[in-house]
Amino acid sequence: MSADQLLLWISARREGSWRQFRAAVEQLCGAEEVSEGNEFPLHKRLRLNLERLAHVEFFAHECEDGWRVAPPVLAGSSADGRHMGVLCGARSDNFLRRFKTAANDMGLESIQDSGTPTVLRVFGEQESDFVRIAAGAGARYQPDAPLAIILQLPIAAPPDYRQTEDEFRHGADWEIDEFQVEQLRWQAVRRAEASMRRTGLFRFTIHFQPPRYFLRWEGSTHEVRRAIGIYALLRRRRKQVLFYDRVGRTLALPATCRPMLLMERALVLCSGLIPTFDPRNVRLTYSHVPENIARLAAQILRQDLR
Amino acid sequence: MDKAGGREENIRKTSGTDGLNRESEASILLHLIFNSRGDGVRTLALVADWRRGMPAELEVSGTQGDFEFVRLQDDRYQDVTLPDMGSGLRSGIEWRGRDAEHRKWRWVLGGRELYVLIPGNDIGLSGFVSAARLSLNQEHLVLATMSLQKDVLDALADAGCPEPLVLDQSYPGVPPGWLLFRRVRPTRAVPSRSERDILNALCPVADIKPQFAGGIRLESRTWLLGHPPRIQFAGQIEREFVVKIDGIEALLSDSQSYEAPGWDAEGTHELWFADQRVSYGLRGCKEEWQVWNAYDLGTGESICGAYCHHEQLGRRWKVRVPSQNPVLVGAEPGQIFICQPRQDLHTATGLALVPFEPVWALPRNPAHLDKRHARVVPVGAIEPVRQIRRTTRHRGRDRAIAEWSRVIADAGRKGLAVSTGNEQAIALWRSYRAEAKRLWKAMR
């Protein structure tokens with residue numbers, strides 16, 4: 001219930017700063033506990049899920065210092081001749097009433113999870129029905145949302161000679177961890193050791209700031225996004241971490257190797273469900289992923305699909 | 001007993017003015033949150049006030065170490081947790097910082113052996129926050145050193161509290177040497193003791209204060225329409241206590257909230273009680289949600305939420321294109337679009353944004369294909385009654401018309417089948433072939 005209230009608050013405010021989001025989480029969801037085995041504290045988990053489910057953009061263009069709610073969109077996808085639409089973006093009580101009325105004659109499914117707003121999915125045989133529902137509710141319709149998003153993504157390539165070099169963050173307060181490719185985990189390292197490495201990915205963290213990632217590649221240093229750095233190293237070591245179950249249509253990968261945000265969004269919109277986390281093998285599993293999407297994800301991450 | 005604020009007094013005496021004035025000093029709240037199971041304290045932290053002129057981020061130092069303040073809400077910084085909270089609460093806390101303009105700031109929490117905490121939702125915090133003293137008819141917590149246990153229990157009994165639940169350090173999160181008193185709900189006003197007695201904090205006064213709990217708060221006293229707060233009161237509430245909302249007498253609902261007809265309608269409402277007036281408001285959600293270029297990855301399209309949109313103005317049609325059939329043709333001769341699939345990805349299906357409504361997806365060189373496998377693919381809506389017309393002469397346009405005719409005629413000559421096998425689609429394809437043939441002859 002609290003994540004639903006948070007999305008209503010976000011939709012009414014439309015945009016805001018990171019601290020306002022934190023305060024709203026504190027106020028509306030604060031009594032919730034971070035469940036055991038979860039990688040993130042509550043506010044980070046909610047932020048990630050709101051982004052994955054395409055409700056809100058954080059630190060993107062035109063909201064660089066905070067967040068902005070995305071417009072309501074019925075995100076379509078299809079598999080085995082059956083169409084599904086997931087309701088993404090902003091919501092209000094009136095909007096939800098219109099949406100439920102418009103989708104009344106179709107299979108409307110409502111899924112509640114503590115870490116996400118209620119997931120609303122509609123199923124049908126004709127794509128034109130989804131266009132009609134979206135129009136009736138006052139939303140946009142995005143056909144083939146997972147494919148449309150994933151086809152925008154660049155290949156996760158390491159920096160090349162044309163890219164300017166960066167430097168590690170200066171200051172003794174930064175905590176530095178190195179990504180261990182074999183163990184797939186982060187391990188503390190001294191700055192001097194990090195500087196000496198010819199190849200490696202390093203995470204720099206300091207109080208209350210998002211971590212920064214630096215890739216040492218062929219002896220030069222580049223600030224990169226986390227997933228780019230991880231998958232560049234995995235490719236170099238020829239380590240395959242994607243597991244696709246063609247029968248169950250699930251895509252699994254180690255939680256430390258979570259792909260970039262927009263790829264996660266594409267994978268999540270295949271089902272409307274956030275990935276399940278299994279603490280025993282520390283894996284994330286995305287459900288109902290069609291094989292063509294899994295193959296594209298593997299190509300973009302430069303992995304083989306196993 | 002004269003224990004009140006002794007340590008705070010010491011801090012003030014020893015710190016001196018040091019270029020600080022009252023505007024540069026602020027207070028610190030104690031913030032406590034139980035875990036969701038209610039069997040432990042999840043957070044016991046300190047929250048520093050933010051005031052106008054203070055920076056959003058600031059490094060501060062104090063006797064308990066150095067910290068970084070990050071502004072979290074309109075009037076406070078993010079929670080700070082101390083490694084030895086019990087000692088800090090007992091001896092007092094002082095933090096000092098200097099901003100980029102060299103202005104000095106100072107935060108003080110006077111050390112004491114007793115803290116009263118009230119629900120934080122009235123100031124936008126979950127859990128409980130420290131307050132000056134008990135209020136009548138309100139749920140509280142009391143955090144006190146073990147040496148005060150008897151004094152606290154006696155004072156709570158005087159204030160008409162039912163017997164509280166006393167938790168010691170074996171309860172997760174309670175600092176060593178301290179006791180946490182739960183279920184503290186005073187029902188009687190008690191006169192204050194001597195001027196500086198710390199137990200004055202346990203003497204509730206009769207003042208009546210409104211409390212706005214829950215709901216979806218948009219601003220300080222404004223809530224989202226449909227999600228109003230519960231209106232409650234703390235203080236000495238007599239039997240003849242009268243509350244009016246917008247001039248209409250309010251009654252206690254089942255949820256122990258005062259309500260009157262129209263109390264939760266959109267707009268500003270006036271709450272009247274005990275000769276005091278406060279206002280609160282409810283505001284509807286304006287559905288003014290725009291698409292913007294949140295992520296532009298250089299492909300010509302931008303992503304915003306789940307929506308992918310083209311940067312150029314004008315209508316575009318998004319179609320699913322089989323990679324073997326990259327040539328899209330529309331209903332009007334000359335409407336032809338060749339998809340350029342990404343060379344770095346191998347995919348059976350792509351998406352294309354087309355400046356006209358496409359009707360067919362055709363292979364690029366039908367003459368060189370195996371007609372047992374190659375197909376003509378209908379895309380978009382199949383409309384058998386489609387008027388194909390010739391437009392006025394123009395060199396570029398004529399080239400496009402010629403190309404349009406050629407690709408259709410080539411596919412037809414090869415005898416490619418329509419992928420769906422739908423009779424209407426086959427008939428439509430025949431009409432396209434006929435029109436292409438007619439145009440091809442006319443242009444020769």
# chains A, B, ... in the order shown; residues from 1 in each chain; ligands from 1
$ residues_around --residues "B:Ala155" --least-positions-apart "6" --cutoff "8 Å" --atoms "only C-alpha atoms" --output "PyMOL selection string"
chain B and resi 199+202-203
$ write_last_selection --atoms "N, CA and C atoms" --output "mmCIF file, in the first residue's frame"
data_model
loop_
_atom_site.group_PDB
_atom_site.id
_atom_site.type_symbol
_atom_site.label_atom_id
_atom_site.label_comp_id
_atom_site.auth_asym_id
_atom_site.auth_seq_id
_atom_site.Cartn_x
_atom_site.Cartn_y
_atom_site.Cartn_z
ATOM 1 N N LEU B 199 12.187 16.004 35.460
ATOM 2 C CA LEU B 199 10.924 15.265 35.388
ATOM 3 C C LEU B 199 9.759 16.159 34.980
ATOM 4 N N LEU B 202 7.827 15.044 32.105
ATOM 5 C CA LEU B 202 6.785 14.027 32.264
ATOM 6 C C LEU B 202 5.517 14.602 32.886
ATOM 7 N N CYS B 203 5.436 15.942 32.923
ATOM 8 C CA CYS B 203 4.247 16.602 33.459
ATOM 9 C C CYS B 203 3.440 17.175 32.290
#
$ residues_around --residues "stretch 187-198 of chain A" --least-positions-apart "2" --cutoff "7 Å" --atoms "only C-alpha atoms" --output "PyMOL selection string"
chain A and resi 176-180+185+200+216-219
$ select_by_dssp --residues "stretch 72-274 of chain A" --states "strand (DSSP E or B)" --output "VMD selection string"
chain A and resid 73 to 79 82 to 88 107 to 113 116 to 124 140 to 142 175 to 180 185 to 188 200 to 205 212 to 217 220 to 224 243 to 245 250 to 254
$ residues_around --residues "B:Leu345" --least-positions-apart "3" --cutoff "9 Å" --atoms "only C-alpha atoms" --output "number ranges by chain"
A: 151, 155, 296, 299-300; B: 341-342
$ closest_residue --among "A:Ser92, A:Gln209, A:Asn49, A:Thr199" --to "A:Leu273" --atoms "only C-alpha atoms"
A:Asn49
